[in-house]
$ cat structure.cif   # mmCIF, N, CA, C and O atoms
data_final
loop_
_atom_site.label_atom_id
_atom_site.label_comp_id
_atom_site.auth_asym_id
_atom_site.auth_seq_id
_atom_site.Cartn_x
_atom_site.Cartn_y
_atom_site.Cartn_z
N MET A 1316 106.60 108.57 53.48
CA MET A 1316 105.81 109.21 54.51
C MET A 1316 106.35 110.64 54.69
O MET A 1316 107.55 110.83 54.86
N SER A 1317 105.44 111.59 54.68
CA SER A 1317 105.87 112.98 54.84
C SER A 1317 106.23 113.26 56.30
O SER A 1317 105.89 112.51 57.22
N ARG A 1318 106.93 114.34 56.50
CA ARG A 1318 107.36 114.72 57.84
C ARG A 1318 106.16 115.01 58.74
O ARG A 1318 106.16 114.68 59.93
N LYS A 1319 105.11 115.60 58.18
CA LYS A 1319 103.90 115.89 58.96
C LYS A 1319 103.24 114.60 59.44
O LYS A 1319 102.83 114.49 60.59
N ASN A 1320 103.15 113.61 58.57
CA ASN A 1320 102.56 112.33 58.95
C ASN A 1320 103.41 111.63 60.02
O ASN A 1320 102.87 111.03 60.96
N LEU A 1321 104.72 111.69 59.85
CA LEU A 1321 105.60 111.09 60.84
C LEU A 1321 105.45 111.76 62.19
O LEU A 1321 105.36 111.09 63.23
N ASN A 1322 105.37 113.08 62.21
CA ASN A 1322 105.18 113.81 63.47
C ASN A 1322 103.85 113.45 64.12
O ASN A 1322 103.76 113.31 65.34
N THR A 1323 102.82 113.30 63.30
CA THR A 1323 101.51 112.93 63.83
C THR A 1323 101.54 111.54 64.45
O THR A 1323 101.00 111.31 65.53
N VAL A 1324 102.19 110.61 63.80
CA VAL A 1324 102.30 109.24 64.32
C VAL A 1324 103.09 109.22 65.62
O VAL A 1324 102.69 108.58 66.60
N LEU A 1325 104.20 109.94 65.68
CA LEU A 1325 105.01 109.97 66.90
C LEU A 1325 104.27 110.65 68.05
O LEU A 1325 104.33 110.19 69.20
N ALA A 1326 103.56 111.73 67.77
CA ALA A 1326 102.79 112.42 68.81
C ALA A 1326 101.67 111.52 69.33
O ALA A 1326 101.43 111.45 70.55
N THR A 1327 101.00 110.82 68.43
CA THR A 1327 99.93 109.92 68.83
C THR A 1327 100.47 108.78 69.69
O THR A 1327 99.87 108.42 70.71
N ALA A 1328 101.60 108.23 69.31
CA ALA A 1328 102.21 107.15 70.11
C ALA A 1328 102.60 107.65 71.49
O ALA A 1328 102.39 106.93 72.49
N THR A 1329 103.12 108.86 71.57
CA THR A 1329 103.50 109.41 72.87
C THR A 1329 102.28 109.61 73.77
O THR A 1329 102.30 109.27 74.95
N VAL A 1330 101.22 110.16 73.21
CA VAL A 1330 100.00 110.39 74.00
C VAL A 1330 99.39 109.06 74.43
O VAL A 1330 98.97 108.91 75.59
N LEU A 1331 99.34 108.08 73.56
CA LEU A 1331 98.76 106.78 73.93
C LEU A 1331 99.59 106.09 75.00
O LEU A 1331 99.03 105.46 75.92
N PHE A 1332 100.91 106.20 74.92
CA PHE A 1332 101.75 105.60 75.95
C PHE A 1332 101.54 106.31 77.29
O PHE A 1332 101.49 105.66 78.34
N THR A 1333 101.38 107.62 77.26
CA THR A 1333 101.12 108.37 78.48
C THR A 1333 99.78 107.96 79.08
O THR A 1333 99.65 107.81 80.29
N PHE A 1334 98.75 107.77 78.23
CA PHE A 1334 97.46 107.30 78.72
C PHE A 1334 97.58 105.91 79.33
O PHE A 1334 96.96 105.61 80.35
N TYR A 1335 98.36 105.05 78.71
CA TYR A 1335 98.58 103.70 79.26
C TYR A 1335 99.20 103.79 80.66
O TYR A 1335 98.75 103.09 81.58
N LEU A 1336 100.23 104.61 80.81
CA LEU A 1336 100.84 104.77 82.13
C LEU A 1336 99.85 105.29 83.15
O LEU A 1336 99.77 104.81 84.28
N ALA A 1337 99.07 106.30 82.74
CA ALA A 1337 98.10 106.89 83.66
C ALA A 1337 97.07 105.87 84.10
O ALA A 1337 96.80 105.73 85.30
N LEU A 1338 96.50 105.15 83.17
CA LEU A 1338 95.46 104.18 83.52
C LEU A 1338 96.01 103.03 84.34
O LEU A 1338 95.33 102.51 85.23
N SER A 1339 97.24 102.64 84.09
CA SER A 1339 97.81 101.55 84.89
C SER A 1339 98.02 101.99 86.34
O SER A 1339 97.80 101.21 87.26
N PHE A 1340 98.41 103.24 86.56
CA PHE A 1340 98.59 103.72 87.93
C PHE A 1340 97.26 103.98 88.62
O PHE A 1340 97.15 103.85 89.83
N ILE A 1341 96.23 104.36 87.87
CA ILE A 1341 94.93 104.63 88.48
C ILE A 1341 94.18 103.33 88.76
O ILE A 1341 93.60 103.15 89.84
N LEU A 1342 94.18 102.41 87.81
CA LEU A 1342 93.37 101.19 87.95
C LEU A 1342 94.07 100.08 88.73
O LEU A 1342 93.42 99.35 89.48
N THR A 1343 95.36 99.90 88.53
CA THR A 1343 96.09 98.82 89.20
C THR A 1343 97.41 99.34 89.78
O THR A 1343 98.49 98.94 89.32
N PRO A 1344 97.33 100.21 90.78
CA PRO A 1344 98.58 100.79 91.30
C PRO A 1344 99.50 99.77 91.96
O PRO A 1344 100.72 99.92 91.90
N ALA A 1345 98.95 98.72 92.56
CA ALA A 1345 99.79 97.74 93.25
C ALA A 1345 100.67 96.97 92.27
O ALA A 1345 101.82 96.65 92.59
N THR A 1346 100.18 96.70 91.08
CA THR A 1346 100.99 95.98 90.11
C THR A 1346 101.90 96.92 89.31
O THR A 1346 102.88 96.48 88.73
N SER A 1347 101.56 98.19 89.27
CA SER A 1347 102.38 99.16 88.54
C SER A 1347 103.57 99.66 89.36
O SER A 1347 104.55 100.12 88.78
N ALA A 1348 103.46 99.60 90.67
CA ALA A 1348 104.51 100.13 91.54
C ALA A 1348 105.87 99.48 91.28
O ALA A 1348 106.87 100.19 91.14
N PRO A 1349 105.98 98.15 91.20
CA PRO A 1349 107.30 97.56 90.94
C PRO A 1349 107.88 97.95 89.58
O PRO A 1349 109.08 98.14 89.45
N GLY A 1350 107.05 98.12 88.58
CA GLY A 1350 107.53 98.52 87.27
C GLY A 1350 108.04 99.95 87.25
O GLY A 1350 108.84 100.32 86.40
N PHE A 1351 107.57 100.75 88.18
CA PHE A 1351 107.99 102.14 88.27
C PHE A 1351 109.29 102.27 89.05
O PHE A 1351 109.95 103.29 89.01
N GLY A 1352 109.66 101.21 89.77
CA GLY A 1352 110.89 101.25 90.54
C GLY A 1352 110.67 101.23 92.04
O GLY A 1352 111.63 101.25 92.81
N LEU A 1353 109.41 101.21 92.48
CA LEU A 1353 109.12 101.11 93.91
C LEU A 1353 109.18 99.64 94.29
O LEU A 1353 108.53 98.81 93.66
N PRO A 1354 109.95 99.27 95.30
CA PRO A 1354 110.14 97.85 95.61
C PRO A 1354 108.87 97.17 96.11
O PRO A 1354 108.62 96.03 95.77
N THR A 1355 108.06 97.85 96.90
CA THR A 1355 106.84 97.25 97.43
C THR A 1355 105.76 98.32 97.48
O THR A 1355 106.01 99.50 97.24
N TRP A 1356 104.56 97.88 97.82
CA TRP A 1356 103.44 98.81 97.96
C TRP A 1356 103.73 99.73 99.14
O TRP A 1356 104.11 99.27 100.21
N PRO A 1357 103.58 101.06 98.97
CA PRO A 1357 103.87 101.99 100.06
C PRO A 1357 102.97 101.73 101.27
O PRO A 1357 101.81 101.40 101.13
N ALA A 1358 103.53 101.87 102.46
CA ALA A 1358 102.79 101.62 103.69
C ALA A 1358 102.07 102.89 104.13
O ALA A 1358 102.45 104.00 103.76
N GLY A 1359 101.02 102.72 104.93
CA GLY A 1359 100.30 103.86 105.49
C GLY A 1359 99.55 104.64 104.42
O GLY A 1359 98.83 104.07 103.61
N ASP A 1360 99.74 105.94 104.41
CA ASP A 1360 99.06 106.80 103.46
C ASP A 1360 99.81 106.93 102.13
O ASP A 1360 99.44 107.73 101.29
N GLY A 1361 100.85 106.18 101.94
CA GLY A 1361 101.65 106.30 100.73
C GLY A 1361 100.98 105.77 99.48
O GLY A 1361 101.41 106.06 98.38
N GLY A 1362 99.91 104.97 99.62
CA GLY A 1362 99.24 104.41 98.46
C GLY A 1362 98.60 105.46 97.57
O GLY A 1362 98.46 105.28 96.37
N GLY A 1363 98.20 106.58 98.16
CA GLY A 1363 97.59 107.65 97.39
C GLY A 1363 98.54 108.29 96.41
O GLY A 1363 98.12 108.89 95.42
N PHE A 1364 99.83 108.16 96.67
CA PHE A 1364 100.84 108.74 95.78
C PHE A 1364 100.72 108.19 94.37
O PHE A 1364 100.84 108.92 93.38
N LEU A 1365 100.46 106.89 94.26
CA LEU A 1365 100.38 106.28 92.93
C LEU A 1365 99.15 106.73 92.17
O LEU A 1365 99.19 106.91 90.95
N ILE A 1366 98.03 106.97 92.87
CA ILE A 1366 96.83 107.48 92.24
C ILE A 1366 97.08 108.90 91.73
O ILE A 1366 96.71 109.26 90.61
N VAL A 1367 97.75 109.70 92.56
CA VAL A 1367 98.06 111.08 92.16
C VAL A 1367 99.01 111.06 90.96
O VAL A 1367 98.86 111.86 90.04
N LYS A 1368 99.96 110.15 90.96
CA LYS A 1368 100.88 110.04 89.82
C LYS A 1368 100.11 109.68 88.56
O LYS A 1368 100.37 110.23 87.48
N GLY A 1369 99.15 108.78 88.67
CA GLY A 1369 98.33 108.42 87.52
C GLY A 1369 97.52 109.58 87.00
O GLY A 1369 97.42 109.79 85.78
N CYS A 1370 96.96 110.38 87.89
CA CYS A 1370 96.18 111.56 87.48
C CYS A 1370 97.09 112.59 86.81
O CYS A 1370 96.70 113.23 85.83
N ARG A 1371 98.30 112.73 87.32
CA ARG A 1371 99.25 113.66 86.70
C ARG A 1371 99.63 113.21 85.30
O ARG A 1371 99.70 114.00 84.37
N GLU A 1372 99.85 111.91 85.13
CA GLU A 1372 100.18 111.37 83.81
C GLU A 1372 99.01 111.57 82.83
O GLU A 1372 99.22 111.89 81.67
N LEU A 1373 97.79 111.39 83.34
CA LEU A 1373 96.62 111.58 82.49
C LEU A 1373 96.52 113.04 82.05
O LEU A 1373 96.28 113.32 80.86
N ALA A 1374 96.73 113.96 82.96
CA ALA A 1374 96.70 115.39 82.60
C ALA A 1374 97.81 115.73 81.62
O ALA A 1374 97.61 116.52 80.69
N MET A 1375 98.96 115.13 81.79
CA MET A 1375 100.08 115.38 80.88
C MET A 1375 99.74 114.85 79.47
O MET A 1375 100.02 115.50 78.47
N GLY A 1376 99.11 113.69 79.40
CA GLY A 1376 98.72 113.15 78.11
C GLY A 1376 97.66 114.00 77.43
O GLY A 1376 97.71 114.22 76.23
N LEU A 1377 96.71 114.49 78.21
CA LEU A 1377 95.69 115.35 77.64
C LEU A 1377 96.28 116.67 77.17
O LEU A 1377 95.91 117.21 76.12
N GLY A 1378 97.23 117.21 77.94
CA GLY A 1378 97.86 118.46 77.56
C GLY A 1378 98.73 118.33 76.34
O GLY A 1378 98.75 119.21 75.48
N SER A 1379 99.44 117.23 76.22
CA SER A 1379 100.32 117.06 75.06
C SER A 1379 99.52 116.71 73.81
O SER A 1379 99.99 116.95 72.70
N GLY A 1380 98.34 116.17 73.99
CA GLY A 1380 97.52 115.83 72.83
C GLY A 1380 96.75 117.01 72.27
O GLY A 1380 96.28 116.97 71.15
N SER A 1381 96.64 118.09 73.03
CA SER A 1381 95.85 119.23 72.56
C SER A 1381 96.66 120.21 71.74
O SER A 1381 96.12 121.17 71.21
N GLY A 1382 97.98 120.01 71.66
CA GLY A 1382 98.83 120.97 70.97
C GLY A 1382 98.87 120.76 69.55
O GLY A 1382 98.56 121.15 68.56
#
$ encode --input "structure.cif" --output "structure tokens"
Amino acid sequence: MSRKNLNTVLATATVLFTFYLALSFILTPATSAPGFGLPTWPAGDGGGFLIVKGCRELAMGLGSGSG
């Protein structure tokens, strides 16, 4: 495998993993919170934090995939 192919495979894996993280925080934030290190679902207005984190991860994946 050439170095270019290896770099392409690694970049693709990184972007797909970032998309997985983003979608898990956007679609199922309550089940993703413990895996992220948060002990329980945030109280009050704290639930929006996980949605924002998911959107940030999605933007990061899109940005890293365009390079």
$ resolve_selection --input "structure.cif" --expression "the PyMOL selection byres ((chain A and resi 1340) around 8)" --output "JSON, numbers by chain"
{"A": [1333, 1334, 1335, 1336, 1337, 1338, 1339, 1341, 1342, 1343, 1344, 1345, 1346, 1347, 1348, 1362, 1363, 1364, 1365, 1366, 1367, 1368, 1369, 1370]}
$ select_by_dssp --input "structure.cif" --residues "chain A" --states "alpha helix (DSSP H)" --output "ChimeraX atom specification"
/A:1318-1342,1344-1351,1363-1380
$ atom_distance --input "structure.cif" --atom1 "CA of Pro1349 in chain A" --atom2 "CA of Ala1328 in chain A"
23.5 Å
$ atom_distance --input "structure.cif" --atom1 "CA of Val1324 in chain A" --atom2 "CA of Met1375 in chain A"
17.8 Å
$ atom_distance --input "structure.cif" --atom1 "atom N of Ala1374 in chain A" --atom2 "atom O of Phe1351 in chain A"
18.0 Å
$ closest_residue --input "structure.cif" --among "A:Gly1352, A:Val1330, A:Met1316, A:Leu1325" --to "Glu1372 in chain A" --atoms "all atoms listed in the file"
A:Val1330
$ axis_aligned_box --input "structure.cif" --around "range 1372-1377 of chain A" --padding-each-side "4 Å" --output "AutoDock Vina command-line options"
--center_x 97.9 --center_y 114.3 --center_z 80.6 --size_x 12.5 --size_y 13.8 --size_z 17.0
